[in-house]
Amino acid sequence: MGGLAFASGPEPLHVIRIPAKQYPKLTEQYRKLDKFIIATSHDIPLTLYENVVSPPEVPGKPDHGDIDFLVEKPLSNATTQDTAKALGAVRSVASGGGTSFAIPYPEHTDTYFQLDVNVCRKETFDFEVVMTSYGDLWHILGACATRFHLALTNSGLYLRMPEIEATHKKDSLLHLTSDPDEMMQFLGLNVEQFKREFETRDEVFEWATSSRVFRREFFEKETISVKEQRMREKRVMYRVFVMEWLPRADHLPRPNQVLSREDIEEVIRKEALTHFHKHERYTKMLTDHQQRLLKDSVWKRIASELPLEGKELGRIMVRLKEKLYWDGERVSFGRPRGEKGMTRVDLDQQAVDEIVEWAVEYWREASQE
């Protein structure tokens, strides 16, 4: 929350930004959440978390709005109050998958700093640590990856499927990997350099622009999206990269003039499916999507061709749906399931035409049932 979780409300606290000199000391002191042994309300000693990591921050920051900890999972039934007790916090507030704590600032009266504890899933913990490292680094890389139909989230690297995205965005992501090393290697990034940690902000920017998905033109005013424009306005590191660092980076390569972006998109898609062994899953997602579109078209066409509307149309549609049975890529219709005389066909465009024809002929009989 950037240190603002307790800045407003009926009883706001005086929460200060943490000076860079104090930040490492406080971080190390409170990182012991995985070793804290506390007494719960039942006087049972317990350890709070299995793993606690504070992702590396952007080098050179003069101060920090809060301390962020990612924790793998609670090791017991410890409550927020138990964690607050271990931290010595005076107040807490939940937000999303984590909790912010207000902790007294050492040697200051009525002054506090903010510490955020975010609980992560065990299977994606390492990936989330990487994705929350170095401030806006992954916002920069994410803005590039999305132009090649890739998506970087806290849970993994995904292939975006535009064939599905247009109508069913939620189901259009094909998971490639939740291994951060695999993700960085695929994007053409130096894994070992990342693990050695960066000493300056310029090193972070240089590393990001070494990715094979980086293109300078993605950050030019004429090509940015509304979302990216808002990010530029709100996120300091992102804005510095786009407005200050990038214009001075004359050493960066210019766009590839041999292959178009569409050609590169196709190359990356094929490489992703092969590298992560996802051809079968990709084909299955496309098939499922096509089947869903055909099913949707059945009901849209029936509704448009019946001489009914409103509640009467809704009642007949319910009756018709009782006579259709979907079985994967096949559909049966016309009679109760299993009875002789039922029509059973593969679900394709011809089947859609047959079902609509049947519905137009049958709806009056259905209305009498």
# chains A, B, ... in the order shown; residues from 1 in each chain; ligands from 1
>>> residues_around(residues="stretch 354-359 of chain A", least_positions_apart="4", cutoff="8 Å", atoms="only C-alpha atoms", output="list in words")
Val298, Arg301, Ile302, Leu320, Phe333, Gly334, Gln350 and Trp363 of chain A
>>> select_by_dssp(residues="stretch 296-365 of chain A", states="helix (DSSP H, G or I)", output="NGL selection string")
:A and (296-305 or 310-321 or 349-365)
>>> write_last_selection(atoms="C-alpha atoms", output="short mmCIF file (atom, residue, chain, number, x, y, z; two decimals), in the first residue's frame")
data_model
loop_
_atom_site.label_atom_id
_atom_site.label_comp_id
_atom_site.auth_asym_id
_atom_site.auth_seq_id
_atom_site.Cartn_x
_atom_site.Cartn_y
_atom_site.Cartn_z
CA ASP A 296 -23.79 -20.09 -27.79
CA SER A 297 -24.84 -19.75 -31.42
CA VAL A 298 -27.48 -22.48 -31.00
CA TRP A 299 -29.42 -20.51 -28.40
CA LYS A 300 -28.93 -17.15 -30.08
CA ARG A 301 -30.28 -18.45 -33.37
CA ILE A 302 -33.20 -20.26 -31.77
CA ALA A 303 -34.16 -17.14 -29.82
CA SER A 304 -34.01 -15.04 -32.98
CA GLU A 305 -36.10 -17.44 -35.09
CA GLY A 310 -40.14 -12.02 -23.04
CA LYS A 311 -41.27 -14.57 -20.45
CA GLU A 312 -42.90 -16.81 -23.04
CA LEU A 313 -39.64 -17.10 -24.96
CA GLY A 314 -37.79 -17.81 -21.73
CA ARG A 315 -40.25 -20.58 -20.78
CA ILE A 316 -39.93 -22.29 -24.16
CA MET A 317 -36.14 -21.99 -24.12
CA VAL A 318 -36.09 -23.83 -20.78
CA ARG A 319 -38.20 -26.64 -22.29
CA LEU A 320 -35.95 -26.90 -25.33
CA LYS A 321 -32.83 -27.01 -23.21
CA GLN A 349 -22.00 -25.87 -37.91
CA GLN A 350 -24.20 -28.42 -39.66
CA ALA A 351 -25.35 -29.72 -36.27
CA VAL A 352 -26.23 -26.18 -35.22
CA ASP A 353 -28.42 -25.82 -38.33
CA GLU A 354 -30.14 -29.15 -37.57
CA ILE A 355 -30.80 -28.22 -33.94
CA VAL A 356 -32.26 -24.84 -34.90
CA GLU A 357 -34.47 -26.49 -37.52
CA TRP A 358 -35.66 -29.02 -34.95
CA ALA A 359 -36.39 -26.29 -32.37
CA VAL A 360 -38.41 -24.23 -34.84
CA GLU A 361 -40.55 -27.29 -35.64
CA TYR A 362 -40.81 -28.59 -32.06
CA TRP A 363 -41.38 -25.48 -29.93
CA ARG A 364 -45.20 -25.59 -30.13
CA GLU A 365 -45.22 -29.17 -28.91
#
>>> closest_atom_pairs(of="stretch 170-272 of chain A", to="stretch 135-156 of chain A", cutoff="9 Å", atoms="only C-alpha atoms", output="tab-separated table")
residue	atom	partner	partner_atom	distance
A:Leu173	CA	A:Ala151	CA	7.9
A:His175	CA	A:Gly156	CA	7.1
A:Leu176	CA	A:Gly156	CA	7.3
A:Thr177	CA	A:Gly156	CA	5.6
A:Ser178	CA	A:Gly156	CA	4.2
A:Asp179	CA	A:Gly156	CA	7.3
A:Pro180	CA	A:Gly156	CA	7.8
A:Met183	CA	A:Gly156	CA	8.0
A:Leu187	CA	A:Ala145	CA	8.5
A:Val204	CA	A:Leu137	CA	7.2
A:Phe205	CA	A:Leu137	CA	7.6
A:Ala208	CA	A:Leu141	CA	6.5
A:Thr209	CA	A:Leu141	CA	8.2
A:Ser211	CA	A:Leu141	CA	8.1
A:Val213	CA	A:Cys144	CA	5.8
A:Phe214	CA	A:Cys144	CA	5.5
A:Arg215	CA	A:Cys144	CA	7.0
A:Phe218	CA	A:Cys144	CA	6.7
A:Phe219	CA	A:Ala143	CA	8.5
A:Glu228	CA	A:Ala143	CA	7.5
A:Met231	CA	A:His139	CA	8.6
A:Arg235	CA	A:Asp136	CA	7.4
A:Val236	CA	A:Asp136	CA	8.3
A:Met237	CA	A:Asp136	CA	5.9
A:Tyr238	CA	A:Asp136	CA	5.8
A:Phe241	CA	A:Ile140	CA	8.5
A:Arg261	CA	A:Phe148	CA	7.9
A:Glu262	CA	A:Phe148	CA	8.3
A:Ile264	CA	A:Phe148	CA	7.7
A:Glu265	CA	A:Phe148	CA	5.0
A:Glu266	CA	A:Phe148	CA	8.4
A:Ile268	CA	A:Phe148	CA	7.4
A:Arg269	CA	A:His149	CA	7.9
>>> closest_residue(among="A:Glu233, A:Tyr158, A:Leu174, A:Phe6", to="A:Thr283", atoms="only C-alpha atoms")
A:Leu174
>>> closest_residue(among="A:Met161, A:Leu48, A:Val242, A:Ile16", to="A:Thr109", atoms="only C-alpha atoms")
A:Ile16
